[in-house]
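Below: run.txt (compact mmCIF, C-alpha atoms)
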```txt
# COMPACT_ATOMS: atom_id res chain seq x y z
CA MET A 1347 57.60 107.26 152.83
CA THR A 1348 55.29 106.76 155.75
CA TYR A 1349 51.99 108.61 155.98
CA ASP A 1350 53.45 110.98 158.60
CA GLN A 1351 56.28 111.88 156.21
CA LEU A 1352 53.88 112.91 153.43
CA PRO A 1353 53.50 116.64 152.73
CA ASP A 1354 50.27 118.24 153.95
CA GLU A 1355 49.07 118.70 150.38
CA TRP A 1356 49.24 114.96 149.83
CA LYS A 1357 47.51 114.18 153.14
CA GLU A 1358 44.69 116.47 151.99
CA TRP A 1359 44.57 114.54 148.70
CA LEU A 1360 44.27 111.26 150.63
CA SER A 1361 41.46 112.67 152.75
CA LEU A 1362 39.27 112.78 149.63
CA SER A 1363 37.18 109.82 148.54
CA PRO A 1364 38.37 107.81 145.50
CA LEU A 1365 35.62 109.31 143.33
CA GLU A 1366 36.46 112.84 144.52
CA ARG A 1367 40.10 112.22 143.60
CA PHE A 1368 39.11 110.95 140.17
CA ALA A 1369 36.88 113.99 139.56
CA ARG A 1370 39.65 116.39 140.67
CA GLY A 1371 42.17 114.55 138.53
CA GLU A 1372 39.89 115.00 135.52
CA ARG A 1373 39.56 118.73 136.25
CA MET A 1374 43.34 119.08 136.57
CA LEU A 1375 43.78 117.34 133.24
CA VAL A 1376 41.27 119.69 131.58
CA GLU A 1377 43.15 122.72 132.99
CA TYR A 1378 46.47 121.25 131.89
CA ILE A 1379 45.18 120.79 128.33
CA ALA A 1380 43.66 124.30 128.33
CA MET A 1381 47.12 125.68 129.19
CA GLY A 1382 48.58 123.96 126.14
CA GLY A 1383 49.66 120.75 127.81
CA SER A 1384 50.22 117.71 125.64
CA LEU A 1385 48.68 114.29 126.13
CA ASP A 1386 51.72 112.68 124.56
CA PRO A 1387 53.77 110.51 126.91
CA ASP A 1388 56.50 112.23 128.87
CA PRO A 1389 59.98 111.27 127.68
CA ASP A 1390 61.05 108.20 129.64
CA PRO A 1391 64.19 106.38 128.50
CA THR A 1392 63.47 103.64 131.05
CA SER A 1393 60.17 102.71 129.37
CA PRO A 1394 59.93 100.02 126.69
CA PHE A 1395 57.31 102.24 125.03
CA ASP A 1396 59.56 105.31 124.74
CA ILE A 1397 59.70 105.73 120.96
CA PRO A 1398 59.73 109.53 120.50
CA GLU A 1399 59.45 109.50 116.70
CA GLU A 1400 56.21 107.52 116.93
CA TRP A 1401 54.63 109.21 119.90
CA ARG A 1402 55.57 112.86 119.64
CA PRO A 1403 55.89 113.84 115.99
CA ASP A 1404 54.93 117.48 116.52
CA VAL A 1405 56.68 118.38 119.74
CA ALA A 1406 60.02 120.15 119.86
CA HIS A 1407 62.47 119.10 122.59
CA GLY A 1408 59.82 116.86 124.11
CA ARG A 1409 58.10 119.72 125.93
CA ALA A 1410 54.36 119.91 125.89
CA GLY A 1411 52.80 122.52 123.62
CA LEU A 1412 56.09 123.76 122.14
CA ARG A 1413 56.91 123.99 118.44
CA LEU A 1414 60.35 124.65 117.10
CA LEU A 1415 60.54 128.15 115.55
CA ARG A 1416 64.29 128.35 115.05
CA ARG A 1417 66.95 125.76 115.65
CA GLY A 1418 69.95 127.20 117.50
CA ALA A 1419 73.51 127.04 116.27
CA GLY A 1420 75.70 124.10 117.19
CA MET B 335 44.60 99.59 135.80
CA GLY B 336 47.51 102.07 135.59
CA GLY B 337 47.78 105.75 136.40
CA GLN B 338 44.02 106.26 136.62
CA ALA B 339 43.78 103.50 139.23
CA CYS B 340 46.56 105.25 141.15
CA VAL B 341 44.48 108.46 141.10
CA PHE B 342 41.51 106.61 142.60
CA TYR B 343 43.71 105.12 145.32
CA GLY B 344 45.50 108.41 146.01
CA ALA B 345 48.99 107.50 144.79
CA ALA B 346 48.80 109.95 141.86
CA GLN B 347 46.93 113.18 141.20
CA VAL B 348 46.50 113.02 137.45
CA SER B 349 47.07 110.62 134.59
CA LYS B 350 47.39 111.56 130.93
CA ASP B 351 46.20 108.24 129.56
CA ILE B 352 44.00 105.28 130.38
CA ASP B 353 45.26 101.71 130.56
CA PHE B 354 42.79 98.86 130.21
CA LEU B 355 43.35 95.20 130.99
CA VAL B 356 40.69 93.32 129.06
CA LEU B 357 39.40 89.77 128.95
CA ALA B 358 40.84 88.09 125.86
CA GLU B 359 37.72 86.51 124.38
CA PRO B 360 36.34 87.04 120.88
CA GLU B 361 33.03 88.53 122.07
CA ASN B 362 34.86 90.90 124.37
CA PHE B 363 37.19 92.03 121.59
CA LEU B 364 34.10 92.92 119.55
CA ARG B 365 32.76 94.99 122.45
CA LEU B 366 36.15 96.62 122.84
CA GLN B 367 36.26 97.51 119.15
CA GLU B 368 32.78 99.03 119.42
CA ALA B 369 33.91 101.14 122.37
CA LEU B 370 37.06 102.22 120.54
CA ALA B 371 34.97 103.13 117.50
CA GLU B 372 32.72 105.26 119.72
CA LEU B 373 35.85 107.06 120.95
CA GLN B 374 37.02 107.36 117.34
CA ALA B 375 40.23 105.77 118.58
CA GLU B 376 43.01 105.35 116.04
CA ARG B 377 45.81 102.95 116.67
CA ILE B 378 49.20 104.63 117.06
CA ALA B 379 52.65 103.10 116.94
CA VAL B 380 53.01 99.33 116.87
CA PRO B 381 51.94 96.56 117.38
CA PRO B 382 48.74 96.13 115.38
CA PHE B 383 45.54 95.23 117.18
CA ASP B 384 45.93 91.48 117.17
CA PRO B 385 44.73 89.11 119.91
CA ALA B 386 47.80 86.95 119.34
CA ALA B 387 50.15 89.91 119.94
CA LEU B 388 48.18 90.87 123.03
CA ALA B 389 48.41 87.28 124.29
CA ARG B 390 52.21 87.48 124.00
CA GLY B 391 52.20 90.47 126.37
CA HIS B 392 52.14 93.43 123.98
CA ALA B 393 50.17 96.59 124.66
CA VAL B 394 48.20 98.17 121.82
CA HIS B 395 48.08 101.97 121.84
CA PHE B 396 45.28 104.22 120.62
CA ARG B 397 44.57 107.92 120.42
CA CYS B 398 40.97 109.13 120.63
CA ARG B 399 39.52 111.62 118.14
CA ALA B 400 35.97 111.91 119.54
CA PRO B 401 35.27 115.52 120.63
CA ASP B 402 34.90 114.70 124.35
CA ALA B 403 38.10 112.66 124.41
CA GLU B 404 40.21 114.44 121.78
CA GLY B 405 43.84 113.39 122.02
CA LEU B 406 43.34 111.00 124.94
CA ARG B 407 45.56 107.95 124.76
CA VAL B 408 44.20 104.50 125.53
CA ASP B 409 46.41 101.47 126.05
CA VAL B 410 44.99 97.96 125.95
CA MET B 411 46.58 94.80 127.34
CA THR B 412 45.33 91.31 128.07
CA ARG B 413 48.32 90.00 129.99
CA LEU B 414 50.68 91.43 132.58
CA ARG B 415 54.12 90.15 133.48
CA ALA B 416 54.19 87.68 136.38
CA MET B 417 50.51 88.27 137.08
CA PRO B 418 47.58 85.83 137.20
CA GLU B 419 45.06 85.50 134.40
CA PHE B 420 42.38 88.13 133.92
CA ALA B 421 39.69 86.10 135.73
CA SER B 422 41.67 86.07 138.98
CA LEU B 423 42.46 89.78 138.77
CA TRP B 424 38.80 90.54 138.02
CA GLU B 425 37.69 88.48 141.02
CA ARG B 426 39.92 90.58 143.32
CA ARG B 427 39.22 93.96 141.73
CA THR B 428 38.02 97.13 143.43
CA ALA B 429 34.71 98.35 142.00
CA LEU B 430 33.30 101.83 142.46
CA VAL B 431 30.14 103.49 141.19
CA ASP B 432 29.43 107.20 140.98
CA ASP B 433 26.13 109.06 141.41
CA ALA B 434 25.42 108.73 137.69
CA GLY B 435 25.73 104.97 137.91
CA VAL B 436 29.05 104.83 136.06
CA GLU B 437 31.14 101.91 137.27
CA TYR B 438 34.92 101.91 137.67
CA HIS B 439 36.72 98.58 137.97
CA LEU B 440 40.30 98.78 139.22
CA LEU B 441 43.06 96.31 139.95
CA CYS B 442 43.12 95.84 143.72
CA ILE B 443 46.08 97.56 145.38
CA PRO B 444 48.19 94.39 145.81
CA ASP B 445 47.71 93.56 142.11
CA LEU B 446 48.38 97.15 141.08
CA VAL B 447 51.63 97.03 143.03
CA GLN B 448 52.67 93.89 141.12
CA ALA B 449 51.69 95.50 137.82
CA LYS B 450 53.78 98.56 138.64
CA LYS B 451 56.97 96.52 139.15
CA THR B 452 58.45 97.59 135.85
CA GLN B 453 61.76 98.81 134.51
CA ARG B 454 60.39 102.37 134.53
CA SER B 455 61.91 104.45 137.31
CA LYS B 456 58.73 106.46 137.78
CA ASP B 457 56.70 103.41 138.87
CA TRP B 458 58.67 102.67 142.02
CA PRO B 459 57.76 105.76 144.09
CA VAL B 460 54.13 104.99 143.18
CA ILE B 461 54.49 101.46 144.57
CA GLU B 462 55.92 102.90 147.79
CA LEU B 463 52.97 105.23 148.10
CA LEU B 464 50.37 102.56 147.30
CA VAL B 465 51.68 100.35 150.11
CA THR B 466 51.75 103.31 152.50
CA ILE B 467 48.15 104.15 151.63
CA HIS B 468 47.02 100.54 151.95
CA TYR B 469 48.69 100.28 155.37
CA ARG B 470 47.12 103.49 156.60
CA GLU B 471 43.67 102.39 155.49
CA ASN B 472 43.87 98.86 156.90
CA ALA B 473 46.27 99.05 159.84
CA ARG B 474 43.56 99.08 162.49
CA ALA B 475 41.90 95.90 161.23
CA ALA B 476 44.85 94.10 159.72
CA THR B 477 44.31 90.59 158.39
CA ASP B 478 47.05 88.02 157.88
CA ASP B 479 46.90 88.73 154.13
CA HIS B 480 47.33 92.46 154.75
CA VAL B 481 50.35 91.90 156.98
CA GLU B 482 51.97 89.58 154.46
CA PHE B 483 51.34 92.11 151.67
CA TRP B 484 52.90 94.95 153.66
CA LEU B 485 55.92 92.91 154.71
CA ARG B 486 56.49 91.66 151.17
CA GLU B 487 55.96 94.97 149.40
CA ALA B 488 56.73 97.91 151.72
CA ARG B 489 59.50 100.04 150.24
CA THR B 490 59.92 102.62 153.00
CA PRO B 491 62.63 101.63 155.53
CA GLU B 492 60.82 103.28 158.45
CA LEU B 493 57.57 101.51 157.55
CA LEU B 494 59.31 98.15 157.28
CA VAL B 495 60.88 98.62 160.72
CA GLU B 496 57.47 99.56 162.16
CA LEU B 497 55.88 96.48 160.55
CA CYS B 498 58.57 94.19 161.97
CA GLN B 499 58.05 95.61 165.45
CA ARG B 500 54.28 95.29 165.20
CA PHE B 501 54.18 91.86 163.55
CA PRO B 502 57.41 90.12 164.66
CA THR B 503 56.24 86.55 164.06
CA GLN B 504 55.08 87.15 160.49
CA ALA B 505 58.21 89.20 159.81
CA ALA B 506 60.48 86.38 160.95
CA GLU B 507 58.54 83.89 158.83
CA LEU B 508 58.96 86.01 155.69
CA THR B 509 62.72 86.56 155.94
CA ALA B 510 63.28 83.48 153.79
CA CYS B 511 61.41 84.96 150.83
CA ARG B 512 62.46 88.58 151.47
CA PRO B 513 65.87 88.53 153.18
CA LEU B 514 66.01 92.31 153.68
CA ILE B 515 63.29 91.95 156.33
CA ARG B 516 66.09 90.78 158.63
CA LEU B 517 67.67 94.24 158.26
CA ALA B 518 64.33 95.79 159.20
CA ILE B 519 64.11 93.53 162.27
CA GLU B 520 67.58 94.78 163.24
CA SER B 521 66.54 98.39 162.44
CA SER B 522 69.60 98.75 160.17
CA LEU B 523 68.16 101.62 158.18
CA ASP B 524 71.16 102.40 155.96
CA ASP B 525 71.68 98.75 155.03
CA LEU B 526 67.94 98.43 154.50
CA ARG B 527 67.94 101.35 152.03
CA THR B 528 70.79 99.75 150.11
CA ALA B 529 68.98 96.40 150.03
CA LEU B 530 65.73 98.03 148.88
CA ASP B 531 67.60 99.73 146.02
CA ALA B 532 69.13 96.41 145.02
CA GLU B 533 65.69 94.82 145.10
CA VAL B 534 64.40 97.44 142.66
CA ARG B 535 67.34 96.94 140.29
CA ALA B 536 66.81 93.17 140.30
CA GLU B 537 63.09 93.53 139.52
CA GLN B 538 63.84 96.07 136.78
CA ALA B 539 66.26 93.58 135.25
CA ARG B 540 63.57 90.88 135.29
CA ASP B 541 61.18 93.28 133.54
CA ARG B 542 63.80 94.13 130.91
CA ASP B 543 64.37 90.40 130.33
CA TYR B 544 60.61 89.90 129.91
CA TRP B 545 60.38 92.76 127.42
CA GLU B 546 63.48 91.91 125.41
CA PRO B 547 61.79 89.47 122.99
CA LEU B 548 58.78 91.78 122.82
CA ARG B 549 61.05 94.73 121.96
CA ARG B 550 62.62 92.71 119.17
CA GLU B 551 59.17 91.90 117.90
CA LEU B 552 58.18 95.58 118.04
CA GLU B 553 61.24 96.40 115.93
CA GLN B 554 60.10 93.80 113.42
CA PHE B 555 56.59 95.32 113.39
CA ARG B 556 58.14 98.75 112.72
CA ARG B 557 60.24 97.47 109.86
CA GLU B 558 57.21 95.79 108.31
CA HIS B 559 55.18 98.97 108.76
CA ARG B 560 57.88 101.13 107.12
CA ASN B 561 58.24 98.74 104.18
CA ARG B 562 54.54 98.75 103.36
```

For this file, produce the structure as structure tokens.
Amino acid sequence: MTYDQLPDEWKEWLSLSPLERFARGERMLVEYIAMGGSLDPDPDPTSPFDIPEEWRPDVAHGRAGLRLLRRGAG
Amino acid sequence: MGGQACVFYGAAQVSKDIDFLVLAEPENFLRLQEALAELQAERIAVPPFDPAALARGHAVHFRCRAPDAEGLRVDVMTRLRAMPEFASLWERRTALVDDAGVEYHLLCIPDLVQAKKTQRSKDWPVIELLVTIHYRENARAATDDHVEFWLREARTPELLVELCQRFPTQAAELTACRPLIRLAIESSLDDLRTALDAEVRAEQARDRDYWEPLRRELEQFRREHRNR
């Protein structure tokens, strides 16, 4: 998309300096982890590195921070 | 060089890992191993940390256990598909320094765009955004190299049409190496979208071809690891 087509939130992001963006990105990552987010890769069947059994041994259904309590029928 | 570089440039807001392209020299590998030891980084998955595997194009994956970096994933590569050697990429890099004196060395945007041309669907919107950002930041003082980069790599139909109207001579010259530019010159937006999609599929196929022998080798590494 062109710059004019970007949402306002993204234009605000681009108005920051590179170092400000990096610092904010770090803060967002800290908040994400504090909320139970996982640093494991997101499932991506188009990636040559998408090997779920190696990358995400403890995550149920590939969702961050979830553990399987009971497996449903079927 | 990956998602973190995109955060610096504005094409992403967060990245869950850090990708490093490193100079493949024995002394540098020692420094890298010292840094990984400081991060208490453990190798995960395959392949093993082996300069020969890195030289063939593999990425080696680590997870940090040091308290300040607990769980953080670090990927290391020494070679990128269809990209120049490290020395050339280093020469063209973007370097930043923060108030504490910490330096950040990033692939320049044109190199990052090349590095992002993968089979992964999620990389292509990032490429589009990187070119848009580069154009916005350099449009007022465009050099010939800038114009060529935009015309070769722009992925937004409206931006390509704008570029062809603004730089008609360069656009006409580049139609031989990027035929869809002709559709942008003609402002055929629907046909241009179709051609851009086809361009992505062709590049993804090239990336899959590049990775096919590496994937087979990864399978072999896994079998060997399981049989130990």

message: Taking all atoms listed in the file into account, name the residue in B:Leu430, B:Cys442, B:Ala416, B:Leu485 that is nearest to chain A.
response: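 For chain A, the nearest of the given residues is B:Leu430.
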
- request: Using all atoms listed in the file, pick whichever of A:Ala1419, A:Met1381, A:Met1347, A:Leu1362 has the shortest atom-to-atom distance to chain B.
  value: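 Under the stated criterion, the closest residue is A:Met1347.
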
- request: Please determine the contact residues of chain A with respect to chain B at a cut-off of 6 Å, counting all atoms listed in the file, and supply them as a ChimeraX atom specification.
  value: /A:1347-1348,1360,1364,1367-1368,1371,1385,1392-1393,1400

- prompt: For Phe501 of chain B, which residue among B:Leu517, B:Leu357, B:Val481, B:Leu388 is the nearest when counting all atoms listed in the file?
  reply: B:Val481

field: Straight-line distance linking atom CA of Ala529 of chain B with atom CA of Leu514 of chain B, stated in Å to one decimal
entry: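 Computing it gives 6.2 Å between the two atoms.
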